[in-house]
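Printed here is coords.csv (CSV, C-alpha atoms):
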```
chain,number,residue,atom,x,y,z
O,4,MET,CA,-191.6,-86.8,82.2
O,5,ASP,CA,-193.9,-88.9,84.4
O,6,ALA,CA,-197.1,-90.6,83.2
O,7,ALA,CA,-199.4,-88.0,84.7
O,8,SER,CA,-197.6,-85.1,83.0
O,9,PHE,CA,-197.5,-86.9,79.7
O,10,ILE,CA,-201.3,-87.6,79.8
O,11,LEU,CA,-201.9,-83.9,80.7
O,12,LEU,CA,-199.7,-82.8,77.8
O,13,LEU,CA,-201.7,-85.1,75.4
O,14,VAL,CA,-205.0,-83.6,76.6
O,15,ALA,CA,-203.6,-80.1,76.2
O,16,SER,CA,-202.4,-81.0,72.7
O,17,PHE,CA,-205.8,-82.3,71.7
O,18,LEU,CA,-207.6,-79.2,72.9
O,19,SER,CA,-205.0,-76.9,71.4
O,20,ALA,CA,-205.4,-78.7,68.0
O,21,ILE,CA,-209.1,-78.0,68.1
O,22,MET,CA,-208.5,-74.4,69.0
O,23,GLY,CA,-205.7,-74.1,66.5
O,24,THR,CA,-208.1,-75.2,63.8
O,25,MET,CA,-210.7,-72.7,64.9
O,26,VAL,CA,-208.6,-69.6,65.7
O,27,GLY,CA,-205.0,-70.6,64.9
O,28,MET,CA,-203.3,-70.7,68.3
O,29,ALA,CA,-202.1,-74.3,68.7
O,30,MET,CA,-198.4,-73.6,68.9
O,31,VAL,CA,-199.1,-70.6,71.1
O,32,ILE,CA,-200.4,-73.0,73.7
O,33,MET,CA,-198.2,-76.0,73.1
O,34,VAL,CA,-194.7,-74.6,73.2
O,35,PRO,CA,-195.0,-72.9,76.6
O,36,PHE,CA,-196.8,-76.0,77.9
O,37,MET,CA,-194.0,-78.3,76.7
O,38,VAL,CA,-191.4,-76.0,78.3
O,39,PHE,CA,-193.5,-76.0,81.5
O,40,PHE,CA,-193.1,-79.8,81.6
O,41,GLY,CA,-189.3,-79.5,81.3
O,42,ILE,CA,-188.8,-79.9,77.6
O,43,PRO,CA,-185.9,-77.7,76.3
O,44,ILE,CA,-187.2,-74.7,74.3
O,45,HIS,CA,-185.5,-75.7,71.0
O,46,THR,CA,-186.8,-79.3,71.3
O,47,ALA,CA,-190.3,-77.9,72.1
O,48,VAL,CA,-190.4,-75.7,69.0
O,49,ALA,CA,-189.2,-78.5,66.7
O,50,THR,CA,-191.3,-81.3,68.2
O,51,GLY,CA,-194.3,-78.9,68.4
O,52,ARG,CA,-193.9,-78.1,64.7
O,53,PHE,CA,-193.7,-81.9,63.9
O,54,SER,CA,-197.0,-82.4,65.8
O,55,MET,CA,-198.6,-79.6,63.9
O,56,VAL,CA,-198.4,-81.6,60.7
O,57,GLY,CA,-200.9,-83.9,62.3
O,58,ILE,CA,-203.4,-81.0,62.7
O,59,GLY,CA,-202.9,-80.1,59.1
O,60,ILE,CA,-203.7,-83.6,57.9
O,61,GLY,CA,-206.8,-83.7,60.1
O,62,ASN,CA,-208.0,-80.3,58.8
O,63,ILE,CA,-207.3,-81.0,55.1
O,64,ARG,CA,-209.4,-84.2,55.2
O,65,THR,CA,-212.5,-82.3,56.3
O,66,PHE,CA,-212.0,-79.1,54.4
O,67,SER,CA,-211.1,-80.7,51.1
O,68,ARG,CA,-214.3,-82.8,51.2
O,69,ARG,CA,-216.3,-79.6,51.5
O,70,GLU,CA,-214.5,-78.1,48.5
O,71,LYS,CA,-213.4,-75.0,50.3
O,72,ILE,CA,-209.7,-75.0,49.3
O,73,GLU,CA,-208.6,-73.2,46.1
O,74,ALA,CA,-205.1,-73.5,44.7
O,75,ARG,CA,-205.0,-69.9,43.4
O,76,TYR,CA,-205.1,-68.6,46.9
O,77,ILE,CA,-202.7,-70.9,48.6
O,78,MET,CA,-199.9,-71.5,45.9
O,79,PRO,CA,-198.2,-68.0,46.1
O,80,ILE,CA,-198.2,-67.7,49.9
O,81,SER,CA,-197.3,-71.4,50.4
O,82,ILE,CA,-194.3,-71.5,48.0
O,83,ALA,CA,-193.0,-68.2,49.5
O,84,GLY,CA,-193.6,-69.7,53.0
O,85,ILE,CA,-191.5,-72.7,52.2
O,86,ILE,CA,-188.6,-70.5,51.2
O,87,GLY,CA,-189.0,-68.4,54.3
O,88,THR,CA,-189.1,-71.4,56.6
O,89,LEU,CA,-185.8,-72.7,55.2
O,90,VAL,CA,-184.3,-69.4,56.3
O,91,GLY,CA,-186.0,-69.3,59.7
O,92,THR,CA,-185.2,-72.9,60.7
O,93,SER,CA,-181.5,-72.3,59.8
O,94,PHE,CA,-181.4,-69.6,62.5
O,95,LEU,CA,-183.2,-71.5,65.3
O,96,LYS,CA,-180.2,-73.5,66.6
O,97,HIS,CA,-178.1,-70.3,66.8
O,98,LEU,CA,-180.4,-68.7,69.3
O,99,SER,CA,-179.7,-69.2,73.0
O,100,GLU,CA,-182.5,-70.7,75.1
O,101,ASN,CA,-183.0,-67.5,77.0
O,102,ALA,CA,-183.2,-65.4,73.8
O,103,LEU,CA,-185.6,-67.9,72.2
O,104,GLU,CA,-187.9,-68.0,75.2
O,105,ASN,CA,-188.1,-64.2,75.3
O,106,ILE,CA,-188.8,-64.0,71.6
O,107,ILE,CA,-191.5,-66.6,71.7
O,108,GLY,CA,-193.0,-65.1,74.9
O,109,ILE,CA,-193.3,-61.7,73.3
O,110,PHE,CA,-194.8,-63.0,70.1
O,111,ILE,CA,-197.3,-65.2,72.0
O,112,ILE,CA,-198.6,-62.2,73.9
O,113,ALA,CA,-198.9,-60.1,70.7
O,114,ILE,CA,-200.7,-62.9,68.8
O,115,SER,CA,-203.0,-63.7,71.8
O,116,ILE,CA,-204.1,-60.1,71.9
O,117,LEU,CA,-204.6,-60.1,68.1
O,118,VAL,CA,-206.7,-63.2,68.4
O,119,LEU,CA,-208.8,-61.8,71.2
O,120,PHE,CA,-209.8,-58.8,69.2
O,121,GLU,CA,-209.6,-60.3,65.7
O,122,GLU,CA,-213.3,-59.8,65.0
O,123,LYS,CA,-213.0,-56.1,65.6
O,124,LEU,CA,-209.8,-55.8,63.6
O,125,ARG,CA,-210.9,-57.9,60.7
O,126,PRO,CA,-212.4,-55.8,57.8
O,127,ASN,CA,-215.8,-56.5,56.3
O,128,GLU,CA,-215.6,-59.4,53.9
O,129,PHE,CA,-215.6,-58.4,50.3
O,130,LYS,CA,-215.0,-59.8,46.8
O,131,ARG,CA,-212.6,-58.4,44.2
O,132,ARG,CA,-210.7,-59.4,41.1
O,133,ILE,CA,-207.4,-61.1,41.8
O,134,THR,CA,-204.4,-59.2,40.2
O,135,PHE,CA,-200.7,-59.6,40.1
O,136,ARG,CA,-200.5,-57.1,43.0
O,137,ASN,CA,-202.5,-59.4,45.2
O,138,HIS,CA,-200.2,-62.3,44.5
O,139,ALA,CA,-197.1,-60.1,45.1
O,140,ILE,CA,-198.3,-59.1,48.5
O,141,SER,CA,-199.2,-62.7,49.3
O,142,VAL,CA,-195.6,-63.8,48.4
O,143,LEU,CA,-194.1,-61.1,50.7
O,144,ALA,CA,-196.4,-62.2,53.5
O,145,GLY,CA,-195.5,-65.8,52.8
O,146,LEU,CA,-191.8,-65.1,53.2
O,147,PHE,CA,-192.4,-63.5,56.6
O,148,ILE,CA,-194.8,-66.2,57.8
O,149,GLY,CA,-192.4,-69.0,56.7
O,150,SER,CA,-189.5,-67.4,58.5
O,151,TYR,CA,-191.7,-66.9,61.6
O,152,ILE,CA,-192.8,-70.5,61.6
O,153,GLY,CA,-189.2,-71.6,61.4
O,154,ILE,CA,-188.2,-69.6,64.5
O,155,VAL,CA,-191.3,-69.0,66.6
O,156,GLY,CA,-194.2,-70.9,65.0
O,157,GLY,CA,-197.1,-69.9,67.4
O,158,GLY,CA,-199.7,-67.7,65.8
O,159,ALA,CA,-198.6,-68.1,62.2
O,160,ALA,CA,-202.0,-69.5,61.2
O,161,THR,CA,-203.7,-66.4,62.6
O,162,ILE,CA,-201.5,-64.1,60.6
O,163,MET,CA,-202.1,-66.1,57.5
O,164,ILE,CA,-205.9,-65.9,58.0
O,165,PHE,CA,-205.7,-62.1,58.1
O,166,VAL,CA,-203.5,-62.1,55.0
O,167,LEU,CA,-206.0,-64.2,53.0
O,168,VAL,CA,-208.9,-62.0,54.1
O,169,LEU,CA,-207.1,-58.7,53.4
O,170,VAL,CA,-205.3,-59.6,50.2
O,171,TYR,CA,-207.9,-61.9,48.5
O,172,GLY,CA,-211.1,-60.8,50.2
O,173,LEU,CA,-212.0,-64.2,51.4
O,174,SER,CA,-214.6,-64.8,54.1
O,175,PHE,CA,-213.3,-65.9,57.5
O,176,HIS,CA,-214.3,-69.6,56.9
O,177,GLN,CA,-212.8,-69.6,53.4
O,178,ALA,CA,-209.6,-68.1,54.8
O,179,VAL,CA,-209.4,-70.7,57.6
O,180,ALA,CA,-209.8,-73.6,55.1
O,181,ASN,CA,-207.2,-72.3,52.6
O,182,GLN,CA,-204.8,-71.3,55.4
O,183,LYS,CA,-204.7,-74.9,56.5
O,184,ALA,CA,-203.7,-76.1,53.0
O,185,ALA,CA,-201.1,-73.3,52.7
O,186,ILE,CA,-199.4,-74.0,56.1
O,187,LEU,CA,-199.3,-77.8,55.8
O,188,PRO,CA,-196.4,-77.9,53.2
O,189,ILE,CA,-194.6,-75.2,55.1
O,190,SER,CA,-194.9,-77.2,58.3
O,191,ILE,CA,-193.7,-80.3,56.5
O,192,ILE,CA,-190.6,-78.6,55.2
O,193,ALA,CA,-189.8,-77.0,58.6
O,194,THR,CA,-190.2,-80.5,60.2
O,195,LEU,CA,-187.8,-82.0,57.7
O,196,VAL,CA,-185.2,-79.4,58.6
O,197,PHE,CA,-185.7,-80.1,62.3
O,198,ILE,CA,-185.3,-83.8,61.6
O,199,TYR,CA,-182.0,-83.1,59.9
O,200,GLN,CA,-180.9,-80.9,62.8
O,201,GLY,CA,-181.8,-83.7,65.3
O,202,LEU,CA,-184.1,-81.4,67.4
O,203,ILE,CA,-187.3,-83.5,67.5
O,204,ASP,CA,-188.1,-85.8,70.4
O,205,TYR,CA,-190.1,-88.6,68.8
O,206,ARG,CA,-191.1,-90.2,72.0
O,207,ILE,CA,-193.2,-87.1,72.6
O,208,GLY,CA,-193.7,-86.0,69.0
O,209,VAL,CA,-195.3,-89.1,67.6
O,210,PRO,CA,-198.1,-89.4,70.3
O,211,LEU,CA,-198.7,-85.6,69.9
O,212,PHE,CA,-198.9,-86.0,66.1
O,213,LEU,CA,-201.6,-88.6,66.4
O,214,VAL,CA,-203.6,-86.7,69.0
O,215,ASN,CA,-203.3,-83.5,66.9
O,216,MET,CA,-204.5,-85.3,63.8
O,217,LEU,CA,-207.7,-86.3,65.7
O,218,GLY,CA,-208.0,-82.8,67.2
O,219,GLY,CA,-207.6,-81.2,63.8
O,220,TYR,CA,-210.3,-83.4,62.4
O,221,VAL,CA,-212.7,-82.5,65.3
O,222,GLY,CA,-211.9,-78.8,65.1
O,223,ALA,CA,-212.5,-78.7,61.3
O,224,ILE,CA,-216.0,-80.1,61.9
O,225,LEU,CA,-216.7,-77.7,64.8
O,226,ILE,CA,-215.6,-74.6,63.0
O,227,LEU,CA,-218.2,-75.2,60.2
O,228,LYS,CA,-220.9,-75.3,62.9
O,229,PHE,CA,-219.9,-73.0,65.7
O,230,LYS,CA,-218.2,-69.6,66.3
O,231,PRO,CA,-215.0,-69.9,68.4
O,232,ALA,CA,-215.5,-66.9,70.6
O,233,TRP,CA,-215.9,-68.9,73.8
O,234,LEU,CA,-212.6,-70.6,73.1
O,235,LYS,CA,-210.7,-67.3,72.8
O,236,ILE,CA,-212.1,-66.0,76.1
O,237,ILE,CA,-210.9,-69.1,78.0
O,238,LEU,CA,-207.6,-69.9,76.3
O,239,VAL,CA,-206.1,-66.4,75.4
O,240,PRO,CA,-205.5,-65.5,79.1
O,241,ILE,CA,-203.9,-69.0,79.6
O,242,SER,CA,-201.6,-68.4,76.7
O,243,ILE,CA,-200.6,-65.0,78.0
O,244,LEU,CA,-199.8,-66.4,81.4
O,245,LEU,CA,-197.7,-69.1,79.8
O,246,ALA,CA,-195.8,-66.5,77.8
O,247,LEU,CA,-195.1,-64.4,80.9
O,248,LYS,CA,-193.6,-67.5,82.5
O,249,LEU,CA,-191.4,-68.0,79.5
O,250,ILE,CA,-190.1,-64.4,79.7
O,251,PHE,CA,-189.7,-63.9,83.4
O,252,LEU,CA,-189.3,-67.3,85.1
```
So, in terms of structure tokens, how does the structure I just supplied come out?
Amino acid sequence: MDAASFILLLVASFLSAIMGTMVGMAMVIMVPFMVFFGIPIHTAVATGRFSMVGIGIGNIRTFSRREKIEARYIMPISIAGIIGTLVGTSFLKHLSENALENIIGIFIIAISILVLFEEKLRPNEFKRRITFRNHAISVLAGLFIGSYIGIVGGGAATIMIFVLVLVYGLSFHQAVANQKAAILPISIIATLVFIYQGLIDYRIGVPLFLVNMLGGYVGAILILKFKPAWLKIILVPISILLALKLIFL
């Protein structure tokens, strides 16, 4: 990869980290972008997941200071997600490049459409007493999300935000904050598996990690002040075009 392409990738990573914090689409943007610059799809997924840990660290620092993270919401889905991601990552190396590109492309299009219309799809915020049933549903969702992160990754944050709103009745901002804390340990475990499998390109991954940490910090500040609607209008069409390239080109 030449210097100009690498700089462009870093800029895209920084912007996607901000967007990922606000609406949960960082990997949706980054994986196709990395493939576009000639990075093999398996390496793109693994290196992208490694860099996502940087976003989580940048997010947690801001959200934890504002006391918006509560363990009772994140523990069930996070523990189940760790189990799920161990399953998902074990299957990644067994998928062919073409199959993986098609799977990721289809999921990116689905997640992009979900993000574009999430305000209309999201139910009115409500409060209710937390029961065993709520936690059980959260665990099942965590198993799916963890497996999804291990294979595809892009859009998992968006799915988890919906789960936290639907299952626990959190507000959107509460769900975003708690989702960051829940996904961080899942991303760390997935990264450790990818390290063991030798799929991460550290020459790209380490700079992306640092850029994403800064982008995650900036995004966490912005989401507490602004609505992310304008980001969705700009970046959702881009992510769909990148997904179509993965599938058909």
Query raised in the report: So which one's closest to Phe251 of chain O, O:Leu117, O:Thr161, O:Thr134, O:Ile106? Using all atoms listed in the file, please.
Result: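 The closest residue to Phe251 of chain O is O:Ile106.
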Against segment 81-105 of chain O, which residues of segment 122-183 of chain O fall within 8 Å? For each one I want the closest pair of atoms and the distance in Å (one decimal), counting only C-alpha atoms, rows by chain and increasing residue number, as a tab-separated table.
```
residue	atom	partner	partner_atom	distance
O:Val142	CA	O:Ala83	CA	5.2
O:Leu143	CA	O:Ala83	CA	7.3
O:Ala144	CA	O:Ala83	CA	8.0
O:Gly145	CA	O:Gly84	CA	4.3
O:Leu146	CA	O:Gly87	CA	4.5
O:Phe147	CA	O:Gly87	CA	6.4
O:Ile148	CA	O:Gly84	CA	6.1
O:Gly149	CA	O:Gly84	CA	4.0
O:Ser150	CA	O:Gly91	CA	4.2
O:Tyr151	CA	O:Gly91	CA	6.5
O:Ile152	CA	O:Thr88	CA	6.3
O:Gly153	CA	O:Thr92	CA	4.3
O:Ile154	CA	O:Gly91	CA	5.3
```
At most 10 Å is the cut-off: for each residue in segment 144-215 of chain O with any atom that close to an atom of segment 20-31 of chain O, write down the nearest atom pair and the distance in Å rounded to one decimal, counting all atoms listed in the file, chain first then increasing number, as a tab-separated table.
```
residue	atom	partner	partner_atom	distance
O:Ile152	CA	O:Met30	CA	9.7
O:Val155	CA	O:Met30	CA	8.8
O:Gly156	CA	O:Met30	CA	6.3
O:Gly157	CA	O:Met30	CA	4.2
O:Gly158	CA	O:Met28	CA	5.3
O:Ala159	CA	O:Gly27	CA	7.4
O:Ala160	CA	O:Gly27	CA	4.9
O:Thr161	CA	O:Gly27	CA	5.0
O:Ile162	CA	O:Gly27	CA	8.5
O:Met163	CA	O:Gly27	CA	9.1
O:Ile164	CA	O:Gly27	CA	8.4
O:His176	CA	O:Met25	CA	9.3
O:Val179	CA	O:Met25	CA	7.7
O:Ala180	CA	O:Thr24	CA	9.0
O:Gln182	CA	O:Gly27	CA	9.5
O:Lys183	CA	O:Thr24	CA	8.1
O:Leu211	CA	O:Ala20	CA	9.8
O:Phe212	CA	O:Ala20	CA	10.0
O:Val214	CA	O:Ala20	CA	8.3
O:Asn215	CA	O:Ala20	CA	5.4
```
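If you look at atom CA of Gly201 of chain O and atom CA of Ala49 of chain O, they are 9.2 Å away from each other.
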Query raised in the report: What separation in Å, quoted to one decimal, exists between atom CA of Ile80 of chain O and atom CA of Ala185 of chain O?
Result: 6.9 Å
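Between atom CA of Phe120 of chain O and atom CA of Gln177 of chain O there is a distance of 19.4 Å.
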Report task. Point out the residue among O:Arg52, O:Val221, O:Met37, O:Ile10 with the least atom-to-atom distance to Thr194 of chain O, counting all atoms listed in the file. Result ->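 Smallest distance to Thr194 of chain O is found for O:Arg52.
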Requested in this report: Choose the residue, out of O:Phe53, O:Pro79, O:Val34, O:Ser115, that has the smallest atom-to-atom separation from Ile241 of chain O; count all atoms listed in the file.
Outcome: O:Ser115
Query raised in the report: Out of O:Phe175, O:Phe197, O:Phe9, O:Phe17, which residue has the shortest atom-to-atom distance to Phe40 of chain O when counting all atoms listed in the file?
Result: O:Phe9
Query raised in the report: Between O:Gly222, O:Gly51, O:Gly41, O:Pro35, which one has atoms that come closest to Ser8 of chain O, using all atoms listed in the file?
Result: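 Going through O:Gly222, O:Gly51, O:Gly41, O:Pro35 one by one, the smallest distance to Ser8 of chain O is for O:Gly41.
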Listed atoms of segment 32-38 of chain O, axis-aligned box, 8 Å per side: centre and edge lengths to one decimal in Å, as AutoDock Vina command-line options?
```
--center_x -195.9 --center_y -75.6 --center_z 75.7 --size_x 25.0 --size_y 21.4 --size_z 21.2
```
Report task. Between O:Leu119, O:Ile107, O:Ile44, O:Leu167, single out the one closest to Leu202 of chain O, counting all atoms listed in the file. Result ->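 Nearest to Leu202 of chain O: O:Ile44.
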